[in-house]
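What follows is the content of protein.cif (mmCIF, C-alpha atoms, pLDDT in the B column; chains and numbers go by the auth columns).
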```cif
data_model
#
loop_
_atom_site.group_PDB
_atom_site.id
_atom_site.type_symbol
_atom_site.label_atom_id
_atom_site.label_comp_id
_atom_site.label_asym_id
_atom_site.label_seq_id
_atom_site.Cartn_x
_atom_site.Cartn_y
_atom_site.Cartn_z
_atom_site.B_iso_or_equiv
_atom_site.auth_seq_id
_atom_site.auth_asym_id
ATOM 1 C CA MET A 1 0.000 0.000 0.000 46.00 313 A
ATOM 2 C CA ARG A 2 1.373 3.399 -0.912 46.00 314 A
ATOM 3 C CA PRO A 3 1.862 5.936 1.936 46.00 315 A
ATOM 4 C CA ALA A 4 -0.686 8.323 0.427 45.00 316 A
ATOM 5 C CA ARG A 5 -3.372 5.670 0.591 42.00 317 A
ATOM 6 C CA ARG A 6 -2.529 4.784 4.172 43.00 318 A
ATOM 7 C CA THR A 7 -2.695 8.450 5.100 41.00 319 A
ATOM 8 C CA GLY A 8 -6.035 8.791 3.333 40.00 320 A
ATOM 9 C CA ALA A 9 -7.399 5.711 5.073 39.00 321 A
ATOM 10 C CA ALA A 10 -6.137 6.964 8.426 39.00 322 A
ATOM 11 C CA CYS A 11 -7.795 10.337 7.850 37.00 323 A
ATOM 12 C CA LEU A 12 -11.084 8.663 6.988 36.00 324 A
ATOM 13 C CA LEU A 13 -10.856 6.521 10.102 37.00 325 A
ATOM 14 C CA VAL A 14 -10.138 9.539 12.314 39.00 326 A
ATOM 15 C CA LEU A 15 -12.915 11.587 10.721 39.00 327 A
ATOM 16 C CA GLY A 16 -15.330 8.698 11.101 42.00 328 A
ATOM 17 C CA LEU A 17 -14.533 8.349 14.776 45.00 329 A
ATOM 18 C CA ALA A 18 -14.584 12.102 15.381 49.00 330 A
ATOM 19 C CA GLY A 19 -17.892 12.590 13.532 59.00 331 A
ATOM 20 C CA PRO A 20 -20.208 12.076 16.522 65.00 332 A
ATOM 21 C CA ALA A 21 -18.079 14.333 18.733 72.00 333 A
ATOM 22 C CA LEU A 22 -18.053 17.060 16.087 71.00 334 A
ATOM 23 C CA ALA A 23 -21.834 16.788 15.730 70.00 335 A
ATOM 24 C CA GLN A 24 -22.207 17.095 19.521 86.00 336 A
ATOM 25 C CA ASP A 25 -19.997 20.201 19.497 92.00 337 A
ATOM 26 C CA GLU A 26 -22.077 21.744 16.704 95.00 338 A
ATOM 27 C CA GLY A 27 -25.307 20.971 18.564 96.00 339 A
ATOM 28 C CA ARG A 28 -23.923 22.464 21.798 96.00 340 A
ATOM 29 C CA LYS A 29 -22.860 25.643 19.958 96.00 341 A
ATOM 30 C CA LEU A 30 -26.298 25.998 18.406 96.00 342 A
ATOM 31 C CA PHE A 31 -27.964 25.446 21.782 97.00 343 A
ATOM 32 C CA ASN A 32 -25.828 28.067 23.533 96.00 344 A
ATOM 33 C CA GLY A 33 -26.218 30.884 21.065 93.00 345 A
ATOM 34 C CA GLY A 34 -26.208 29.659 17.503 87.00 346 A
ATOM 35 C CA VAL A 35 -29.895 30.517 17.175 88.00 347 A
ATOM 36 C CA THR A 36 -31.887 33.551 18.222 91.00 348 A
ATOM 37 C CA PRO A 37 -33.369 33.404 20.752 92.00 349 A
ATOM 38 C CA SER A 38 -30.864 31.026 22.294 94.00 350 A
ATOM 39 C CA CYS A 39 -32.193 27.705 23.574 97.00 351 A
ATOM 40 C CA ALA A 40 -30.142 28.248 26.749 97.00 352 A
ATOM 41 C CA ILE A 41 -32.154 31.346 27.657 96.00 353 A
ATOM 42 C CA CYS A 42 -35.305 29.284 28.139 96.00 354 A
ATOM 43 C CA HIS A 43 -34.234 25.697 28.804 97.00 355 A
ATOM 44 C CA THR A 44 -32.163 23.976 31.460 98.00 356 A
ATOM 45 C CA LEU A 45 -29.651 21.524 30.040 98.00 357 A
ATOM 46 C CA ARG A 46 -26.827 20.483 32.353 97.00 358 A
ATOM 47 C CA ASP A 47 -24.477 19.421 29.548 97.00 359 A
ATOM 48 C CA ALA A 48 -24.693 22.900 28.001 97.00 360 A
ATOM 49 C CA GLY A 49 -24.362 24.716 31.323 97.00 361 A
ATOM 50 C CA ALA A 50 -27.816 26.222 30.766 97.00 362 A
ATOM 51 C CA ALA A 51 -30.231 27.065 33.569 97.00 363 A
ATOM 52 C CA GLY A 52 -33.181 28.654 31.756 95.00 364 A
ATOM 53 C CA GLU A 53 -36.499 28.709 33.566 92.00 365 A
ATOM 54 C CA ILE A 54 -39.042 29.714 30.917 94.00 366 A
ATOM 55 C CA GLY A 55 -39.298 26.422 29.044 95.00 367 A
ATOM 56 C CA PRO A 56 -39.207 22.914 30.430 96.00 368 A
ATOM 57 C CA SER A 57 -35.991 21.426 31.774 98.00 369 A
ATOM 58 C CA LEU A 58 -34.690 19.245 28.986 98.00 370 A
ATOM 59 C CA ASP A 59 -32.816 17.170 31.561 98.00 371 A
ATOM 60 C CA GLU A 60 -36.173 16.202 33.061 98.00 372 A
ATOM 61 C CA LEU A 61 -38.149 16.010 29.809 97.00 373 A
ATOM 62 C CA LYS A 62 -35.528 13.865 28.008 98.00 374 A
ATOM 63 C CA PRO A 63 -37.000 14.411 24.524 98.00 375 A
ATOM 64 C CA ASP A 64 -35.938 12.230 21.622 98.00 376 A
ATOM 65 C CA ALA A 65 -34.428 13.790 18.500 98.00 377 A
ATOM 66 C CA ALA A 66 -37.673 13.570 16.508 98.00 378 A
ATOM 67 C CA ARG A 67 -39.580 15.518 19.163 98.00 379 A
ATOM 68 C CA VAL A 68 -36.887 18.217 19.326 98.00 380 A
ATOM 69 C CA ALA A 69 -36.743 18.518 15.531 98.00 381 A
ATOM 70 C CA LYS A 70 -40.523 18.908 15.316 98.00 382 A
ATOM 71 C CA ALA A 71 -40.525 21.589 18.029 98.00 383 A
ATOM 72 C CA LEU A 72 -37.729 23.467 16.238 98.00 384 A
ATOM 73 C CA ARG A 73 -39.562 23.360 12.914 98.00 385 A
ATOM 74 C CA THR A 74 -43.107 24.130 14.066 98.00 386 A
ATOM 75 C CA GLY A 75 -42.811 25.655 17.541 97.00 387 A
ATOM 76 C CA ILE A 76 -44.693 24.385 20.574 95.00 388 A
ATOM 77 C CA GLY A 77 -46.443 26.309 23.348 94.00 389 A
ATOM 78 C CA GLN A 78 -44.453 29.499 23.978 93.00 390 A
ATOM 79 C CA MET A 79 -41.506 28.222 21.954 95.00 391 A
ATOM 80 C CA PRO A 80 -41.274 29.760 18.486 95.00 392 A
ATOM 81 C CA ALA A 81 -40.389 27.865 15.328 97.00 393 A
ATOM 82 C CA PHE A 82 -36.857 28.366 13.996 97.00 394 A
ATOM 83 C CA PRO A 83 -37.303 28.498 10.200 97.00 395 A
ATOM 84 C CA GLN A 84 -33.835 30.041 9.789 96.00 396 A
ATOM 85 C CA LEU A 85 -32.174 26.738 10.752 96.00 397 A
ATOM 86 C CA THR A 86 -31.072 24.417 7.980 97.00 398 A
ATOM 87 C CA ASP A 87 -32.089 20.761 8.089 97.00 399 A
ATOM 88 C CA ALA A 88 -28.525 19.882 9.095 96.00 400 A
ATOM 89 C CA GLN A 89 -28.624 22.368 11.979 96.00 401 A
ATOM 90 C CA VAL A 90 -31.997 21.069 13.170 97.00 402 A
ATOM 91 C CA GLN A 91 -30.660 17.511 13.124 97.00 403 A
ATOM 92 C CA ALA A 92 -27.418 18.474 14.910 96.00 404 A
ATOM 93 C CA LEU A 93 -29.326 20.306 17.640 97.00 405 A
ATOM 94 C CA ALA A 94 -31.940 17.558 17.987 98.00 406 A
ATOM 95 C CA ARG A 95 -29.327 14.800 18.238 97.00 407 A
ATOM 96 C CA TYR A 96 -27.281 16.848 20.702 97.00 408 A
ATOM 97 C CA ILE A 97 -30.243 17.359 23.035 98.00 409 A
ATOM 98 C CA GLU A 98 -31.255 13.699 22.827 98.00 410 A
ATOM 99 C CA GLN A 99 -27.703 12.532 23.607 97.00 411 A
ATOM 100 C CA ALA A 100 -27.132 15.126 26.359 97.00 412 A
ATOM 101 C CA THR A 101 -30.259 14.079 28.246 97.00 413 A
ATOM 102 C CA ARG A 102 -29.654 10.313 28.224 94.00 414 A
#
```

Once you've parsed the file, please lay out its structure as structure tokens.
Amino acid sequence: MRPARRTGAACLLVLGLAGPALAQDEGRKLFNGGVTPSCAICHTLRDAGAAGEIGPSLDELKPDAARVAKALRTGIGQMPAFPQLTDAQVQALARYIEQATR
């Protein structure tokens, strides 16, 4: 095997392993200020260091990713919809919240 191929394979392996961590980081960034209004203003989420008191505590609610994605897209109760988020951002945020509350 040529060195270039080994390097390429190693990079793919590292990226594959780092993928979930990078997605978690992206979701955390979105939660803490990547959207307006910030999720952290309203919701408590220990993993994000958030202690909001307007919306439900996500640590207690433990929503799955589908429920979070739906709330982000359509709004729920006092929570507005976030139409400015791309599908990838919605999925990153939804997966982050699901993982952080397990």

Quiz item: By how many Å are atom CA of A:Ala333 and atom CA of A:Ile366 apart?
Solution: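 Computing it gives 28.7 Å between the two atoms.
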
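The space between atom CA of A:Met391 and atom CA of A:Pro368 spans 10.3 Å.
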
Practice problem: Evaluate the PyMOL selection byres ((chain A and resi 399-414) around 12) and record the selected residues as a PyMOL selection string, following the chain and residue labels used in the document. | Solution: chain A and resi 331-347+350-352+355-362+369-386+393-398
